[in-house]
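Student: Before we start, here is the structure in question, set down as structure tokens.
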Amino acid sequence: MSDAHVLQQEIAVEQEHVDRVYARLADLRREASRAEKEGYQLAGVGTFGALVERDAMVFHAARRRHALDTEYEGLVFGRLDLLTGARHYVGRMGIRDDDSQSLVVDWRAPAASAFYRATPADPLGVVRRRMIQSSRERVTGIEDDLLDPDNAPADMAIVGDGALLASLSKATGRGMRDIVATIQREQDEAIRSPASGVTIVTGGPGTGKTAVALHRAAYLLYADRNRFAGGGILVVGPSGVFVDYIATVLPSLGEDTATLRSLGSLVPGYDAGRVDPTPVAAIKGSLRMRRVLERASHDAVPGGPTELRLLYRGTLLRLDAGELDRIRRKALPRGARRNEVRGHGFDRLFDALWAQARESIRNLPEKRDFEAELADRADFRDFLREWWPRFTPMRVLRWLADPARLRAYANGVLSKEEIALLQGSFDGLGELGPTIADVALLDELDELMGRPRKPQRQNKNPFHVRDGVQELSTANERQAAARAQAVQRDEDYREYAHVVVDESQDVSPLQWRMIGRRGTYASWTIVGDPAQTAWPGDTEELDRARDKALGARKRQTYSLTTNYRNSSEIFAVAARVIRTLLPDLPLPRAVRSTGVEPVDQLVSAAELPEAVRAAVEKHLADVDGTIGVISAVPRRDEVAGWVSGLPERVQVVTALEAKGMEYDAVVLVEGAEIAVDASGVRTLYVALSRATQRLTTVGTKSFMS
């Protein structure tokens, strides 16, 4: 039976139970509404006792109806199959049927604790843990963890990564069972690492690094919910494609507490997906760019006024370009934040004008009156807005699109060759938006310039109905509402309790600074594989930036050594590629064999489009799951055109977007275009290790030459 058929069968089983739950939910909502209506009717009795009883009935019925409404979405999100044969469904609230039998266990109940705490090393009586994804009342996906293979019934279906472990555990021979135990022990130790400090998890392709990171987030949230739900958990991934992928894997926890962001969406207002060429991204990610940005943030406004001329009481007051420049420099010394010292600049401007006025005007009013008169003039206010406006990071970053300004800011900081590479890389900011590397520059500029003060936002009273009328509530509900308001986070929240960084080997120094600003008070989980890094810059600079972000926190390091996702045939190809660059690199051991060797096709340029489409169509027939079509960044859109019209399970991504992803089959297009340098060889290694079952490489020349 195919994996797709097993998946659909298991989804149908879960859908049947979910249908029962929502049918019971509808009954409970009707009962609550009827009780609420009957409560209002008690007012007709006309006694004070009836009024009190009415208030109590209406209050409890309304509260119950509200709870049933608010927990509607994703009500059932987990299932536990226990060693005793019992089955517990876990969800956002507890629901029983007419016979008081449990349909759903509230995630906060003791009976649900194993959903978060059980691991293969300590299954807590759980044979299989299932995560259930849904959209409203429809089950859309499931993912299993087989926690106790020895006690799993022979007919128990396992879906997802758990199926791989299940097949390994059922293989003949003690060696394979030892491998399964090794996988479970390695991952469990990292998941349960101490909550404080920094947990660093390293491992090659297919070792389950991302799964460990997400299970660790779930474990921490359950083990110390007050700390981690209150402060929040931030999960940072390399790309939007990756974040969308893990958003379906991270199990629901009963409330939205984990924040998922890509490196291109960590700054509010931006969701960058564009990628710079590797050499350009390396320059933009360097700590030296901070000095370039600092110079830009202190410069005069392009096209701004170069002279101030005011006719005051018949006398011309004039400040030329040199005087305006001196005033700006004195008000904005190195280290000052431009938006925060704007008032100081205005004060110095007033001082200069006052000094001129005193020399040439008799019967001059007091200085404060003089300043008030000027401030009332529209022409003077217009000058101030043009001379020292409120700056946004994007406004200043666009100045670097001017070659002359870029050279001036970068002179003595970057080499002539680096400046030449950067020229033109900022031209698309207005039309196309920033690249992923630009987002860290925007965050750095935000730090350098500071922010204008904003009026304090008023917290809305959740019990307010209309003027003079509030909903009846208990003290406990008011306290709960106060706690909920306390954890409402600003759009650019920076006080997370825990930060998870996946694919950390590709985070640039400036990106580490960007993430570090949001994890000042956090513990950390850092996940990555140094062999997969695409960072071509100074590794010492990278280490310094990471160490500064993590601070002096105690570090725990865990290594994952078993590749259980790639078949050994597929990983052998990836290993040959990375060995050309790092011959002595310790690689994980791939323990699955499918007996299917990867296919390498060399074709002419004219034959390439048809050959790629044919390879994809063959994989569609061979496997039931997703097919990743991977190419170099510049060729992505072209390749997407070649395979247009094929089923949605075909996904076209760049070699950089493929990081952290997993596909049942992969068609790699023109691998030689990826492996153009050492960084490219590492990226090619990543692309070749994304497939679990089938791999086909198609190109006009060999990537091994």
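By order of appearance in the structure tokens: chains A, B, ..., then residues from 1 within every chain, and ligands from 1 in the order shown.
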Could you pull the residues within 10 Å of Val499 in chain A, counting only C-alpha atoms, minus those fewer than 4 positions along the same chain, as a PDB file with N, CA and C atoms, in the first residue's frame?
Tutor:
```pdb
ATOM      1  N   VAL A 198      22.377  28.284  26.439  1.00  0.00           N
ATOM      2  CA  VAL A 198      22.339  28.080  24.989  1.00  0.00           C
ATOM      3  C   VAL A 198      22.487  26.599  24.690  1.00  0.00           C
ATOM      4  N   ALA A 217      10.943  23.405  21.411  1.00  0.00           N
ATOM      5  CA  ALA A 217      10.059  24.540  21.664  1.00  0.00           C
ATOM      6  C   ALA A 217       8.778  24.072  22.340  1.00  0.00           C
ATOM      7  N   GLY A 232       7.345  34.532  25.333  1.00  0.00           N
ATOM      8  CA  GLY A 232       7.268  34.184  23.923  1.00  0.00           C
ATOM      9  C   GLY A 232       8.491  33.440  23.429  1.00  0.00           C
ATOM     10  N   ILE A 233       8.277  32.603  22.418  1.00  0.00           N
ATOM     11  CA  ILE A 233       9.356  31.879  21.748  1.00  0.00           C
ATOM     12  C   ILE A 233       9.408  32.356  20.299  1.00  0.00           C
ATOM     13  N   LEU A 234      10.592  32.725  19.857  1.00  0.00           N
ATOM     14  CA  LEU A 234      10.822  33.160  18.480  1.00  0.00           C
ATOM     15  C   LEU A 234      11.592  32.070  17.746  1.00  0.00           C
ATOM     16  N   VAL A 235      11.058  31.622  16.610  1.00  0.00           N
ATOM     17  CA  VAL A 235      11.733  30.638  15.767  1.00  0.00           C
ATOM     18  C   VAL A 235      12.129  31.334  14.468  1.00  0.00           C
ATOM     19  N   VAL A 236      13.440  31.347  14.169  1.00  0.00           N
ATOM     20  CA  VAL A 236      13.963  32.042  12.994  1.00  0.00           C
ATOM     21  C   VAL A 236      14.506  31.013  12.008  1.00  0.00           C
ATOM     22  N   ALA A 258       4.259  30.627  19.860  1.00  0.00           N
ATOM     23  CA  ALA A 258       5.524  30.649  19.129  1.00  0.00           C
ATOM     24  C   ALA A 258       5.398  31.558  17.913  1.00  0.00           C
ATOM     25  N   THR A 259       6.386  32.418  17.717  1.00  0.00           N
ATOM     26  CA  THR A 259       6.423  33.325  16.572  1.00  0.00           C
ATOM     27  C   THR A 259       7.429  32.799  15.567  1.00  0.00           C
ATOM     28  N   GLU A 495      11.631  41.127  23.498  1.00  0.00           N
ATOM     29  CA  GLU A 495      11.905  40.585  24.825  1.00  0.00           C
ATOM     30  C   GLU A 495      11.490  39.116  24.916  1.00  0.00           C
ATOM     31  N   ILE A 515      19.096  39.354  15.150  1.00  0.00           N
ATOM     32  CA  ILE A 515      18.415  38.367  16.007  1.00  0.00           C
ATOM     33  C   ILE A 515      18.729  38.637  17.469  1.00  0.00           C
ATOM     34  N   GLY A 516      19.987  38.978  17.756  1.00  0.00           N
ATOM     35  CA  GLY A 516      20.396  39.212  19.141  1.00  0.00           C
ATOM     36  C   GLY A 516      19.608  40.317  19.811  1.00  0.00           C
ATOM     37  N   ARG A 518      16.588  40.830  19.615  1.00  0.00           N
ATOM     38  CA  ARG A 518      15.295  40.291  20.022  1.00  0.00           C
ATOM     39  C   ARG A 518      15.437  39.191  21.063  1.00  0.00           C
ATOM     40  N   GLY A 519      16.668  38.854  21.411  1.00  0.00           N
ATOM     41  CA  GLY A 519      16.901  37.799  22.387  1.00  0.00           C
ATOM     42  C   GLY A 519      17.772  38.232  23.536  1.00  0.00           C
ATOM     43  N   THR A 520      17.710  39.510  23.890  1.00  0.00           N
ATOM     44  CA  THR A 520      18.565  40.030  24.963  1.00  0.00           C
ATOM     45  C   THR A 520      18.348  39.285  26.270  1.00  0.00           C
ATOM     46  N   TYR A 521      17.100  38.924  26.547  1.00  0.00           N
ATOM     47  CA  TYR A 521      16.764  38.275  27.825  1.00  0.00           C
ATOM     48  C   TYR A 521      16.448  36.787  27.640  1.00  0.00           C
ATOM     49  N   ALA A 522      16.789  36.236  26.494  1.00  0.00           N
ATOM     50  CA  ALA A 522      16.326  34.898  26.133  1.00  0.00           C
ATOM     51  C   ALA A 522      17.363  33.816  26.419  1.00  0.00           C
ATOM     52  N   SER A 523      16.859  32.596  26.560  1.00  0.00           N
ATOM     53  CA  SER A 523      17.704  31.423  26.364  1.00  0.00           C
ATOM     54  C   SER A 523      17.602  31.063  24.878  1.00  0.00           C
ATOM     55  N   TRP A 524      18.524  30.224  24.404  1.00  0.00           N
ATOM     56  CA  TRP A 524      18.632  30.006  22.962  1.00  0.00           C
ATOM     57  C   TRP A 524      18.728  28.521  22.619  1.00  0.00           C
ATOM     58  N   THR A 525      18.215  28.179  21.435  1.00  0.00           N
ATOM     59  CA  THR A 525      18.501  26.898  20.794  1.00  0.00           C
ATOM     60  C   THR A 525      19.033  27.201  19.397  1.00  0.00           C
ATOM     61  N   ILE A 526      20.276  26.781  19.134  1.00  0.00           N
ATOM     62  CA  ILE A 526      20.951  27.073  17.867  1.00  0.00           C
ATOM     63  C   ILE A 526      21.143  25.750  17.127  1.00  0.00           C
TER      64      ILE A 526
END
```
Student: Can you tell me which residues surround Ile630 in chain A at a distance of at most 8 Å, considering only C-alpha atoms, apart from same-chain residues fewer than 4 positions away, and format the answer as a PyMOL selection string?
Tutor: chain A and resi 636+652-655+658+666-669+687
Student: Could you write out that same residue set with N, CA, C and O atoms as a CSV table (one decimal), in the first residue's frame?
Tutor:
```
chain,number,residue,atom,x,y,z
A,636,ARG,N,15.6,30.1,-11.6
A,636,ARG,CA,14.4,29.6,-11.0
A,636,ARG,C,13.2,29.8,-11.8
A,636,ARG,O,12.4,28.9,-12.1
A,652,VAL,N,9.0,24.3,-7.2
A,652,VAL,CA,10.3,24.8,-7.7
A,652,VAL,C,10.9,25.8,-6.7
A,652,VAL,O,10.3,26.7,-6.3
A,653,VAL,N,12.1,25.5,-6.3
A,653,VAL,CA,12.8,26.3,-5.4
A,653,VAL,C,14.3,26.5,-5.8
A,653,VAL,O,14.8,25.7,-6.6
A,654,THR,N,14.9,27.6,-5.3
A,654,THR,CA,16.3,27.7,-5.5
A,654,THR,C,17.1,26.9,-4.6
A,654,THR,O,16.6,26.3,-3.6
A,655,ALA,N,18.4,26.7,-4.9
A,655,ALA,CA,19.2,25.9,-4.0
A,655,ALA,C,19.3,26.5,-2.6
A,655,ALA,O,19.4,25.8,-1.6
A,658,ALA,N,16.0,25.8,-0.7
A,658,ALA,CA,15.9,24.3,-0.4
A,658,ALA,C,16.5,24.0,1.0
A,658,ALA,O,16.2,22.9,1.5
A,666,VAL,N,13.7,14.6,-5.9
A,666,VAL,CA,14.3,15.8,-6.3
A,666,VAL,C,14.8,15.7,-7.7
A,666,VAL,O,15.4,14.7,-8.1
A,667,VAL,N,14.5,16.8,-8.5
A,667,VAL,CA,15.2,16.9,-9.8
A,667,VAL,C,16.1,18.2,-9.6
A,667,VAL,O,15.6,19.3,-9.4
A,668,LEU,N,17.4,18.0,-9.7
A,668,LEU,CA,18.4,19.0,-9.6
A,668,LEU,C,18.8,19.5,-11.0
A,668,LEU,O,19.2,18.7,-11.8
A,669,VAL,N,18.6,20.8,-11.3
A,669,VAL,CA,18.8,21.3,-12.6
A,669,VAL,C,20.2,22.1,-12.6
A,669,VAL,O,20.4,23.0,-11.8
A,687,ALA,N,21.5,20.8,-1.7
A,687,ALA,CA,20.5,20.5,-2.6
A,687,ALA,C,20.5,19.0,-2.9
A,687,ALA,O,19.4,18.4,-3.1
```
Student: Which is closer to Val577 in chain A than all the others in A:Arg290, A:Arg368, A:Arg682, A:Arg398, using only C-alpha atoms?
Tutor: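 With only C-alpha atoms as the atom set, the closest residue is A:Arg682.
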Student: Write down as a list in words the residues of range 601-661 of chain A whose backbone DSSP state falls under alpha helix (DSSP H).
Tutor: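 Selection result, alpha helix (DSSP H) within range 601-661 of chain A: Leu608, Pro609, Glu610, Ala611, Val612, Arg613, Ala614, Ala615, Val616, Glu617, Lys618, His619, Leu620, Ala621, Asp622, Arg636, Asp637, Glu638, Val639, Ala640, Gly641 and Trp642 of chain A.
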Student: Using only C-alpha atoms for the distances, tell me which of A:Tyr312, A:Phe383, A:Tyr245, A:Phe391 is nearest to Asn339 in chain A.
Tutor: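 Under the stated criterion, the closest residue is A:Phe391.
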Student: Between A:Arg544, A:Arg338, A:Arg565, A:Arg579, which one has atoms that come closest to Leu287 in chain A, using only C-alpha atoms?
Tutor: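 Using only C-alpha atoms, Leu287 in chain A sits closest to A:Arg544.
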Student: Write out as a PyMOL selection string which residues come within 10 Å of Asp97 in chain A when counting only C-alpha atoms, dropping same-chain ones fewer than 2 positions away.
Tutor: chain A and resi 20-21+23-25+27-28+95+99-104
Student: Mind writing the picked residues with C-alpha atoms as a compact mmCIF listing (two decimals), in the first residue's frame?
Tutor:
```txt
# COMPACT_ATOMS: atom_id res chain seq x y z
CA ARG A 20 -18.05 13.52 16.29
CA VAL A 21 -16.31 16.22 18.31
CA ALA A 23 -21.23 17.52 16.30
CA ARG A 24 -21.03 17.36 20.10
CA LEU A 25 -19.71 20.93 20.14
CA ASP A 27 -25.02 20.37 20.76
CA LEU A 28 -23.21 22.07 23.63
CA ILE A 95 -15.36 17.67 25.65
CA ASP A 99 -22.44 9.25 28.29
CA SER A 100 -19.69 11.38 29.89
CA GLN A 101 -17.00 9.57 27.90
CA SER A 102 -14.07 11.76 26.92
CA LEU A 103 -13.95 12.86 23.29
CA VAL A 104 -11.17 15.41 23.80
```
Student: Would you compute the distance between CA of Glu31 in chain A and CA of Arg96 in chain A? Give it in Å to one decimal.
Tutor: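 Taking CA of Glu31 in chain A as the start and CA of Arg96 in chain A as the end point, the length is 13.9 Å.
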Student: If we count only C-alpha atoms and set the cut-off at 10 Å, which residues sit around Ile200 in chain A, ignoring sequence neighbours fewer than 2 positions away in its own chain? Please answer as a PyMOL selection string.
Tutor: chain A and resi 190+193+197-198+202+213+500-501+504+524-528+555-559
Student: Please return as number ranges by chain: the residues of range 308-449 of chain A that backbone DSSP assigns to strand (DSSP E).
Tutor: A: 308-312, 315-319
Student: Report, in Å with one decimal, the straight-line distance from CA of Met449 in chain A to CA of Arg274 in chain A.
Tutor: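 Taking CA of Met449 in chain A and CA of Arg274 in chain A, their separation equals 25.2 Å.
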Student: Please determine, counting only C-alpha atoms, which residue among A:Gln187, A:Thr119, A:Thr315, A:Thr84 has the shortest atom-to-atom distance to Leu560 in chain A.
Tutor: A:Gln187
Student: Identify which of the residues A:Ile142, A:Ala408, A:Val686, A:Ile627 lies closest to Leu293 in chain A, counting only C-alpha atoms when measuring atom-to-atom distances.
Tutor: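 The closest residue to Leu293 in chain A is A:Ala408.
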Student: Closest to Gln8 in chain A among A:Val139, A:Ser196, A:Phe426, A:Asp150, using only C-alpha atoms?
Tutor: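 Of the candidates, the smallest distance to Gln8 in chain A is held by A:Val139.
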Student: Can you tell me, as a VMD selection string, what residues are no more than 9 Å from range 219-228 of chain A when counting only C-alpha atoms, ignoring any on the same chain fewer than 4 positions away?
Tutor: chain A and resid 108 113 116 to 117 191 to 192 195 214 to 215 232 to 233 253 257 to 258 496 to 498
Student: Write the residues you've just listed into a file as a PDB file, in the first residue's frame, and include C-alpha atoms for each of them.
Tutor:
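Output contents, as saved in out20.pdb:
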```pdb
ATOM      1  CA  ARG A 108      -3.861  21.528  30.361  1.00  0.00           C
ATOM      2  CA  SER A 113       0.969  15.944  29.756  1.00  0.00           C
ATOM      3  CA  TYR A 116       4.419  17.226  25.433  1.00  0.00           C
ATOM      4  CA  ARG A 117       6.715  15.291  27.743  1.00  0.00           C
ATOM      5  CA  ILE A 191      15.175  18.227  23.356  1.00  0.00           C
ATOM      6  CA  ARG A 192      15.410  17.998  27.147  1.00  0.00           C
ATOM      7  CA  ALA A 195      15.984  25.541  29.585  1.00  0.00           C
ATOM      8  CA  LEU A 214      10.522  22.303  17.152  1.00  0.00           C
ATOM      9  CA  HIS A 215       9.989  19.530  19.698  1.00  0.00           C
ATOM     10  CA  GLY A 232       7.268  34.184  23.923  1.00  0.00           C
ATOM     11  CA  ILE A 233       9.356  31.879  21.748  1.00  0.00           C
ATOM     12  CA  LEU A 253      -0.083  23.970  21.669  1.00  0.00           C
ATOM     13  CA  THR A 257       2.703  31.402  21.553  1.00  0.00           C
ATOM     14  CA  ALA A 258       5.524  30.649  19.129  1.00  0.00           C
ATOM     15  CA  TYR A 496      11.471  36.925  23.868  1.00  0.00           C
ATOM     16  CA  ALA A 497      12.053  34.306  26.529  1.00  0.00           C
ATOM     17  CA  HIS A 498      13.558  31.799  24.081  1.00  0.00           C
TER      18      HIS A 498
END
```
Student: Can you tell me, as a PyMOL selection string, what residues are no more than 8 Å from Ile570 in chain A when counting only C-alpha atoms, ignoring any on the same chain fewer than 6 positions away?
Tutor: chain A and resi 597-598+688-689+691-695
Student: Residues of the last selection are to be written out with C-alpha atoms, as an mmCIF file, in the first residue's frame.
Tutor:
```cif
data_model
loop_
_atom_site.group_PDB
_atom_site.id
_atom_site.type_symbol
_atom_site.label_atom_id
_atom_site.label_comp_id
_atom_site.auth_asym_id
_atom_site.auth_seq_id
_atom_site.Cartn_x
_atom_site.Cartn_y
_atom_site.Cartn_z
ATOM 1 C CA GLU A 597 20.435 4.620 -7.512
ATOM 2 C CA PRO A 598 20.257 8.339 -8.396
ATOM 3 C CA LEU A 688 21.646 16.921 -3.255
ATOM 4 C CA SER A 689 20.622 15.845 0.268
ATOM 5 C CA ALA A 691 15.444 13.804 -1.297
ATOM 6 C CA THR A 692 14.269 10.818 0.723
ATOM 7 C CA GLN A 693 13.490 8.365 -2.103
ATOM 8 C CA ARG A 694 14.517 9.488 -5.605
ATOM 9 C CA LEU A 695 17.141 11.852 -7.039
#
```
